[in-house]
Amino acid sequence: MSSLAASFQGVHYKYPDAQQHSLAGVTLELPEGAFVLVVGPSGSGKSTLLRVLNGLVPNFYGGVFGGVARVCGRDPVALGPRGMSDVVGFVFQDPEAQFVVDSVEDELAFGMEMRAWPQALMATRVQEVSELLGITELLGRRVSSLSGGQRQRVAIAAALALRPKVLVLDEPTSQLDPAAADELFDALLALNKEHGLTVILSEHRLERVAQYADIVWAVRGPGQPVEAGEPRAVFRTSPLAPPVAMLGRALGWEPVPLTVEEARAQARPELLEAKKDGRRPPAPGPVRLAALGISYSYGERKALRDVSVELHAGEIVAVQGHNGAGKTTLLKCMLGLLRPQAGHVLLDGKKVHDLPLPEVIRKVGYVPQNPNSILFQETVLAELQFTRRSHGLKEIDYTAFLSRFGLAGYAESYPRDLSQGERQRVALAAILVAEPEVLLLDEPTLGLDYAQKKELIGFLRELRAQGVAILMATHDVELVASCADRTIILSQGQVVDEGPPGAVMLRHERYASQIARLFGDGLRLTVEDVLESTGRC
């Protein structure tokens, strides 16, 4: 019988000034070499549970801790993060929170330098982990120059450099493109199976990882017991499950499929036959925002190359592409935060950079990838009030508005103390409360669980019906499948494909939803599409 990598006995924890416990009565045992997926709603306590593993909770956060936790035979509460760092590698939800230096190569070597490892060994290890995570070409770059997804891979490589026995990752693919996410999981699976590395990770995009896990920890909510089980058993009843599992449950398939391949083997041939009827996107309104042949470079690196994009009133357009493809740069140019070195951007036919900034922000709302960059008030309610007042808008029923985002209970909370998903929702609310006519979103589902994503999709559809023009940069193929009218694929700063999501997904399997890959007809992209086609919805 293998020894335990981690165990919890009656663990409970409450953050300082919190009204309720984040963890209560958690009792779990984890064998060495396991691959664990931690699932649960945003704010349910997943991150808190992970932070116990290296002693961040309670040593860094304070609060009240009880029960017994052991990791690799050590007491993380007594030893703290420093005393656990040689056996537990930890990757935060926000990679920027753990960077120490601004050179990628120095960041990878930092932990080894703190332990006075020989230079030759450090150089070898840096090369190994950079090749493993596909970031060799980034070694000469500054961390501050990287995209969000590139920073995430650097953070993971830095954690692996010390060769820990347990690797803990909090939302590791939230900023990764589909190809990079697949490569990451392939690397983690190899380390897990071939080298016995225990992997514990939380993830909202379950379609990416469900098939890799051999154990699932289901965190139901603050203070509730944590359920441990085999993935198929947990996803048979869990409200959070991959799309193919949800489809299998709706159609009575047994066993519940976790992958497209498993679903295809269980689907009746007549169900898989191509359907002729499909979605009809709304007729586009006038062009509100347009990029005309824009190019932009960061020094010698060309981020955008002669890119043209039109955004119409009453449509949702997705911009997809690999990490570093230029998605965020495109959004910033279209808002006027960056000035293109060639071409220009038009807002209602006028050059953005010729317009006064107040006129631009009165019409265009922008939610960046990092919600912290626009959250600076003392409470969630104050964030919304500030936005309304700065735009000269009258007061509204803020409680009702916050309820739309599941934030009614956080009105008096300090935004930066919230979880990643909660902060993302606050940032969305703080921009949308200004009633923008054009909306630019950079990774809007970052940190959101399936239920919250469904609420966001419903809200975006309402805005589209009201004539709002929406452009969103995203790695979330399920989001694109659910609400985009058109999708644009960027690669190395250039538009390489554009069209209806179904058609683009047929041409680019990496950017296809699970249901789109299952049926392959370019029409059925979501579980709802399938159930409607079978008369079950």
# chains A, B, ... in the order shown; residues from 1 in each chain; ligands from 1

call {"tool": "residues_around", "arguments": {"residues": "Arg141 in chain A", "least_positions_apart": "3", "cutoff": "8 Å", "atoms": "only C-alpha atoms", "output": "number ranges by chain"}}
result
A: 103-104, 138, 145-146

call {"tool": "write_last_selection", "arguments": {"atoms": "N, CA, C and O atoms", "output": "PDB file, in the first residue's frame"}}
result
ATOM      1  N   SER A 103      13.086  38.964 -15.051  1.00  0.00           N
ATOM      2  CA  SER A 103      13.700  38.177 -16.110  1.00  0.00           C
ATOM      3  C   SER A 103      13.149  36.758 -16.034  1.00  0.00           C
ATOM      4  O   SER A 103      13.133  36.146 -14.962  1.00  0.00           O
ATOM      5  N   VAL A 104      12.696  36.223 -17.170  1.00  0.00           N
ATOM      6  CA  VAL A 104      12.131  34.875 -17.179  1.00  0.00           C
ATOM      7  C   VAL A 104      13.149  33.845 -16.689  1.00  0.00           C
ATOM      8  O   VAL A 104      12.858  33.012 -15.827  1.00  0.00           O
ATOM      9  N   LEU A 138      11.138  32.088 -24.552  1.00  0.00           N
ATOM     10  CA  LEU A 138      10.842  33.207 -23.654  1.00  0.00           C
ATOM     11  C   LEU A 138      11.974  33.495 -22.670  1.00  0.00           C
ATOM     12  O   LEU A 138      11.909  34.481 -21.931  1.00  0.00           O
ATOM     13  N   SER A 145       6.778  41.724 -20.137  1.00  0.00           N
ATOM     14  CA  SER A 145       6.458  41.820 -21.564  1.00  0.00           C
ATOM     15  C   SER A 145       5.614  40.651 -22.055  1.00  0.00           C
ATOM     16  O   SER A 145       5.209  40.632 -23.224  1.00  0.00           O
ATOM     17  N   LEU A 146       5.331  39.681 -21.189  1.00  0.00           N
ATOM     18  CA  LEU A 146       4.645  38.464 -21.607  1.00  0.00           C
ATOM     19  C   LEU A 146       3.134  38.618 -21.551  1.00  0.00           C
ATOM     20  O   LEU A 146       2.592  39.431 -20.795  1.00  0.00           O
TER      21      LEU A 146
END

call {"tool": "select_by_dssp", "arguments": {"residues": "range 228-310 of chain A", "states": "strand (DSSP E or B)", "output": "number ranges by chain"}}
result
A: 228-229, 287-298, 301-310

call {"tool": "write_last_selection", "arguments": {"atoms": "N, CA, C and O atoms", "output": "tab-separated table (two decimals), in the first residue's frame"}}
result
chain	number	residue	atom	x	y	z
A	228	ALA	N	-14.92	13.16	-2.02
A	228	ALA	CA	-13.85	12.59	-2.83
A	228	ALA	C	-14.37	11.36	-3.55
A	228	ALA	O	-15.10	10.55	-2.97
A	229	GLY	N	-14.02	11.23	-4.82
A	229	GLY	CA	-14.49	10.07	-5.56
A	229	GLY	C	-13.84	9.95	-6.92
A	229	GLY	O	-13.08	10.81	-7.36
A	287	VAL	N	-21.82	49.56	-38.28
A	287	VAL	CA	-20.49	49.38	-37.70
A	287	VAL	C	-20.29	50.42	-36.60
A	287	VAL	O	-20.46	51.61	-36.82
A	288	ARG	N	-19.95	49.96	-35.41
A	288	ARG	CA	-19.69	50.87	-34.28
A	288	ARG	C	-18.19	51.10	-34.08
A	288	ARG	O	-17.75	52.20	-33.77
A	289	LEU	N	-17.42	50.03	-34.21
A	289	LEU	CA	-15.98	50.11	-33.95
A	289	LEU	C	-15.26	49.32	-35.03
A	289	LEU	O	-15.68	48.21	-35.35
A	290	ALA	N	-14.21	49.89	-35.59
A	290	ALA	CA	-13.50	49.21	-36.68
A	290	ALA	C	-12.01	49.48	-36.60
A	290	ALA	O	-11.58	50.61	-36.38
A	291	ALA	N	-11.23	48.41	-36.77
A	291	ALA	CA	-9.78	48.52	-36.94
A	291	ALA	C	-9.49	48.36	-38.41
A	291	ALA	O	-9.93	47.38	-39.03
A	292	LEU	N	-8.77	49.32	-38.99
A	292	LEU	CA	-8.50	49.30	-40.43
A	292	LEU	C	-7.00	49.18	-40.67
A	292	LEU	O	-6.26	50.15	-40.54
A	293	GLY	N	-6.55	47.98	-40.96
A	293	GLY	CA	-5.15	47.73	-41.30
A	293	GLY	C	-4.17	48.14	-40.24
A	293	GLY	O	-3.10	48.70	-40.55
A	294	ILE	N	-4.48	47.86	-38.98
A	294	ILE	CA	-3.60	48.34	-37.90
A	294	ILE	C	-2.44	47.37	-37.66
A	294	ILE	O	-2.57	46.16	-37.80
A	295	SER	N	-1.32	47.96	-37.29
A	295	SER	CA	-0.12	47.20	-36.91
A	295	SER	C	0.43	47.81	-35.63
A	295	SER	O	0.32	49.02	-35.41
A	296	TYR	N	1.02	46.94	-34.81
A	296	TYR	CA	1.60	47.42	-33.55
A	296	TYR	C	2.76	46.52	-33.16
A	296	TYR	O	2.67	45.29	-33.28
A	297	SER	N	3.85	47.14	-32.68
A	297	SER	CA	5.04	46.39	-32.28
A	297	SER	C	5.47	46.81	-30.88
A	297	SER	O	5.34	47.98	-30.50
A	298	TYR	N	5.99	45.83	-30.14
A	298	TYR	CA	6.67	46.09	-28.87
A	298	TYR	C	8.16	45.96	-29.15
A	298	TYR	O	8.70	44.85	-29.16
A	301	ARG	N	9.42	43.15	-31.56
A	301	ARG	CA	8.39	42.11	-31.67
A	301	ARG	C	7.10	42.69	-32.23
A	301	ARG	O	6.51	43.58	-31.64
A	302	LYS	N	6.66	42.15	-33.35
A	302	LYS	CA	5.43	42.61	-33.99
A	302	LYS	C	4.23	41.87	-33.40
A	302	LYS	O	4.11	40.66	-33.55
A	303	ALA	N	3.36	42.62	-32.73
A	303	ALA	CA	2.19	42.02	-32.07
A	303	ALA	C	0.99	41.97	-33.00
A	303	ALA	O	0.19	41.03	-32.94
A	304	LEU	N	0.82	42.98	-33.86
A	304	LEU	CA	-0.27	43.02	-34.84
A	304	LEU	C	0.30	43.39	-36.20
A	304	LEU	O	1.16	44.26	-36.30
A	305	ARG	N	-0.21	42.71	-37.23
A	305	ARG	CA	0.29	42.95	-38.59
A	305	ARG	C	-0.89	43.17	-39.54
A	305	ARG	O	-1.57	42.22	-39.90
A	306	ASP	N	-1.18	44.42	-39.86
A	306	ASP	CA	-2.21	44.76	-40.86
A	306	ASP	C	-3.55	44.08	-40.54
A	306	ASP	O	-4.13	43.39	-41.38
A	307	VAL	N	-4.04	44.30	-39.33
A	307	VAL	CA	-5.28	43.66	-38.87
A	307	VAL	C	-6.47	44.58	-39.12
A	307	VAL	O	-6.45	45.76	-38.78
A	308	SER	N	-7.52	44.02	-39.72
A	308	SER	CA	-8.78	44.75	-39.94
A	308	SER	C	-9.92	43.97	-39.30
A	308	SER	O	-10.06	42.77	-39.55
A	309	VAL	N	-10.70	44.66	-38.48
A	309	VAL	CA	-11.82	44.04	-37.77
A	309	VAL	C	-12.96	45.05	-37.73
A	309	VAL	O	-12.76	46.22	-37.41
A	310	GLU	N	-14.17	44.60	-38.03
A	310	GLU	CA	-15.37	45.44	-37.89
A	310	GLU	C	-16.28	44.85	-36.82
A	310	GLU	O	-16.50	43.64	-36.79

call {"tool": "select_by_dssp", "arguments": {"residues": "range 188-258 of chain A", "states": "alpha helix (DSSP H)", "output": "list in words"}}
result
Leu188, Leu189, Ala190, Leu191, Asn192, Lys193, Glu194, His195, Pro231, Arg232, Ala233, Val234, Phe235, Pro243, Val244, Ala245, Met246, Leu247, Gly248, Arg249, Ala250 and Leu251 of chain A

call {"tool": "write_last_selection", "arguments": {"atoms": "N, CA, C and O atoms", "output": "short mmCIF file (atom, residue, chain, number, x, y, z; two decimals), in the first residue's frame"}}
result
data_model
loop_
_atom_site.label_atom_id
_atom_site.label_comp_id
_atom_site.auth_asym_id
_atom_site.auth_seq_id
_atom_site.Cartn_x
_atom_site.Cartn_y
_atom_site.Cartn_z
N LEU A 188 2.10 17.32 -17.39
CA LEU A 188 1.75 16.95 -16.02
C LEU A 188 1.46 15.46 -15.91
O LEU A 188 1.86 14.81 -14.94
N LEU A 189 0.78 14.92 -16.92
CA LEU A 189 0.46 13.49 -16.90
C LEU A 189 1.74 12.66 -16.98
O LEU A 189 1.87 11.64 -16.28
N ALA A 190 2.70 13.09 -17.80
CA ALA A 190 3.97 12.36 -17.89
C ALA A 190 4.71 12.41 -16.57
O ALA A 190 5.25 11.39 -16.10
N LEU A 191 4.76 13.58 -15.93
CA LEU A 191 5.41 13.70 -14.63
C LEU A 191 4.70 12.85 -13.58
O LEU A 191 5.33 12.25 -12.71
N ASN A 192 3.39 12.81 -13.68
CA ASN A 192 2.59 12.05 -12.72
C ASN A 192 2.80 10.54 -12.89
O ASN A 192 3.05 9.82 -11.91
N LYS A 193 2.72 10.05 -14.12
CA LYS A 193 2.78 8.61 -14.37
C LYS A 193 4.21 8.07 -14.38
O LYS A 193 4.47 6.97 -13.89
N GLU A 194 5.12 8.85 -14.93
CA GLU A 194 6.48 8.35 -15.11
C GLU A 194 7.39 8.66 -13.92
O GLU A 194 8.35 7.92 -13.65
N HIS A 195 7.11 9.75 -13.21
CA HIS A 195 7.99 10.17 -12.13
C HIS A 195 7.30 10.18 -10.77
O HIS A 195 7.93 10.52 -9.76
N PRO A 231 -13.75 10.19 -10.90
CA PRO A 231 -14.36 11.24 -11.71
C PRO A 231 -15.73 10.90 -12.28
O PRO A 231 -16.67 11.70 -12.19
N ARG A 232 -15.87 9.72 -12.84
CA ARG A 232 -17.15 9.39 -13.48
C ARG A 232 -18.28 9.34 -12.46
O ARG A 232 -19.41 9.75 -12.75
N ALA A 233 -17.97 8.88 -11.27
CA ALA A 233 -19.00 8.82 -10.22
C ALA A 233 -19.40 10.21 -9.77
O ALA A 233 -20.58 10.50 -9.56
N VAL A 234 -18.42 11.09 -9.61
CA VAL A 234 -18.73 12.46 -9.16
C VAL A 234 -19.51 13.20 -10.23
O VAL A 234 -20.53 13.86 -9.95
N PHE A 235 -19.10 13.08 -11.50
CA PHE A 235 -19.75 13.84 -12.57
C PHE A 235 -21.10 13.27 -12.98
O PHE A 235 -21.82 13.87 -13.77
N PRO A 243 -19.20 19.30 -20.72
CA PRO A 243 -20.38 19.28 -21.58
C PRO A 243 -20.80 17.89 -22.05
O PRO A 243 -22.00 17.58 -22.06
N VAL A 244 -19.84 17.04 -22.44
CA VAL A 244 -20.25 15.70 -22.91
C VAL A 244 -20.85 14.89 -21.78
O VAL A 244 -21.73 14.04 -22.01
N ALA A 245 -20.40 15.10 -20.54
CA ALA A 245 -21.01 14.41 -19.40
C ALA A 245 -22.42 14.91 -19.17
O ALA A 245 -23.34 14.11 -18.90
N MET A 246 -22.64 16.22 -19.27
CA MET A 246 -23.98 16.77 -19.11
C MET A 246 -24.91 16.25 -20.21
O MET A 246 -26.08 15.93 -19.95
N LEU A 247 -24.40 16.14 -21.43
CA LEU A 247 -25.21 15.61 -22.53
C LEU A 247 -25.55 14.14 -22.27
O LEU A 247 -26.69 13.71 -22.45
N GLY A 248 -24.54 13.36 -21.85
CA GLY A 248 -24.78 11.95 -21.55
C GLY A 248 -25.81 11.76 -20.46
O GLY A 248 -26.67 10.86 -20.54
N ARG A 249 -25.76 12.60 -19.44
CA ARG A 249 -26.76 12.52 -18.36
C ARG A 249 -28.14 12.84 -18.89
O ARG A 249 -29.13 12.16 -18.56
N ALA A 250 -28.25 13.85 -19.75
CA ALA A 250 -29.55 14.25 -20.29
C ALA A 250 -30.15 13.17 -21.18
O ALA A 250 -31.38 13.00 -21.24
N LEU A 251 -29.29 12.42 -21.88
CA LEU A 251 -29.76 11.40 -22.82
C LEU A 251 -29.72 9.99 -22.23
O LEU A 251 -30.02 9.02 -22.92
#

call {"tool": "residues_around", "arguments": {"residues": "range 109-116 of chain A", "least_positions_apart": "4", "cutoff": "7 Å", "atoms": "only C-alpha atoms", "output": "mmCIF file with all heavy atoms, in the first residue's frame"}}
result
data_model
loop_
_atom_site.group_PDB
_atom_site.id
_atom_site.type_symbol
_atom_site.label_atom_id
_atom_site.label_comp_id
_atom_site.auth_asym_id
_atom_site.auth_seq_id
_atom_site.Cartn_x
_atom_site.Cartn_y
_atom_site.Cartn_z
ATOM 1 N N GLU A 105 14.359 33.921 -17.208
ATOM 2 C CA GLU A 105 15.389 32.949 -16.819
ATOM 3 C C GLU A 105 15.722 33.065 -15.331
ATOM 4 O O GLU A 105 15.855 32.052 -14.634
ATOM 5 C CB GLU A 105 16.644 33.155 -17.661
ATOM 6 C CG GLU A 105 17.686 32.056 -17.488
ATOM 7 C CD GLU A 105 18.763 32.099 -18.559
ATOM 8 O OE1 GLU A 105 18.728 33.010 -19.408
ATOM 9 O OE2 GLU A 105 19.631 31.210 -18.535
ATOM 10 N N MET A 122 21.643 24.405 -11.916
ATOM 11 C CA MET A 122 20.556 25.357 -12.147
ATOM 12 C C MET A 122 20.321 25.567 -13.636
ATOM 13 O O MET A 122 19.178 25.600 -14.109
ATOM 14 C CB MET A 122 20.867 26.693 -11.459
ATOM 15 C CG MET A 122 20.713 26.661 -9.948
ATOM 16 S SD MET A 122 20.672 28.323 -9.219
ATOM 17 C CE MET A 122 22.350 28.861 -9.529
ATOM 18 N N VAL A 126 16.843 24.743 -15.534
ATOM 19 C CA VAL A 126 16.119 25.795 -16.250
ATOM 20 C C VAL A 126 15.814 25.349 -17.671
ATOM 21 O O VAL A 126 14.695 25.542 -18.183
ATOM 22 C CB VAL A 126 16.920 27.116 -16.255
ATOM 23 C CG1 VAL A 126 16.358 28.094 -17.285
ATOM 24 C CG2 VAL A 126 16.906 27.746 -14.872
ATOM 25 N N LEU A 162 12.216 23.042 -8.918
ATOM 26 C CA LEU A 162 12.741 22.452 -7.687
ATOM 27 C C LEU A 162 12.395 20.968 -7.543
ATOM 28 O O LEU A 162 12.748 20.340 -6.549
ATOM 29 C CB LEU A 162 12.198 23.212 -6.475
ATOM 30 C CG LEU A 162 12.713 24.649 -6.321
ATOM 31 C CD1 LEU A 162 11.966 25.357 -5.192
ATOM 32 C CD2 LEU A 162 14.197 24.657 -6.043
#

call {"tool": "atom_distance", "arguments": {"atom1": "CA of Pro76 in chain A", "atom2": "CA of Ala97 in chain A"}}
result
20.3 Å

call {"tool": "closest_residue", "arguments": {"among": "A:Val380, A:Ile489, A:Leu441, A:Ala465", "to": "Tyr414 in chain A", "atoms": "only C-alpha atoms"}}
result
A:Val380

call {"tool": "residues_around", "arguments": {"residues": "Glu443 in chain A", "least_positions_apart": "2", "cutoff": "9 Å", "atoms": "only C-alpha atoms", "output": "list in words"}}
result
Ser174, Gln175, Val367, Pro368, Gln369, Asn370, Leu441, Thr445, Leu446, Met472, Ala473, Thr474, His475 and Asp476 of chain A

call {"tool": "residues_around", "arguments": {"residues": "range 18-34 of chain A", "least_positions_apart": "2", "cutoff": "10 Å", "atoms": "only C-alpha atoms", "output": "PyMOL selection string"}}
result
chain A and resi 1-16+36-37+43-49+63-72+165-166+191-200+213-215+217+219+221-228

call {"tool": "closest_residue", "arguments": {"among": "A:Ala481, A:Leu357, A:Leu439, A:Ala434", "to": "Arg389 in chain A", "atoms": "only C-alpha atoms"}}
result
A:Ala434

call {"tool": "residues_around", "arguments": {"residues": "range 520-537 of chain A", "least_positions_apart": "5", "cutoff": "12 Å", "atoms": "only C-alpha atoms", "output": "number ranges by chain"}}
result
A: 241-251, 260, 264, 267, 270-281, 454, 477-484, 499-509, 511-515

call {"tool": "closest_residue", "arguments": {"among": "A:Val216, A:Arg339, A:His322, A:Arg208", "to": "Ser491 in chain A", "atoms": "only C-alpha atoms"}}
result
A:His322

call {"tool": "atom_distance", "arguments": {"atom1": "CA of Asp170 in chain A", "atom2": "CA of Gly421 in chain A"}}
result
11.9 Å

call {"tool": "residues_around", "arguments": {"residues": "Arg82 in chain A", "least_positions_apart": "6", "cutoff": "10 Å", "atoms": "only C-alpha atoms", "output": "PyMOL selection string"}}
result
chain A and resi 54-56+76+88

call {"tool": "closest_residue", "arguments": {"among": "A:Val100, A:Val87, A:Val143, A:Ala78", "to": "Arg163 in chain A", "atoms": "only C-alpha atoms"}}
result
A:Val87

call {"tool": "closest_residue", "arguments": {"among": "A:Val168, A:Leu432, A:His391, A:Ala161", "to": "Glu359 in chain A", "atoms": "only C-alpha atoms"}}
result
A:His391

call {"tool": "atom_distance", "arguments": {"atom1": "CA of Tyr450 in chain A", "atom2": "CA of His204 in chain A"}}
result
7.2 Å
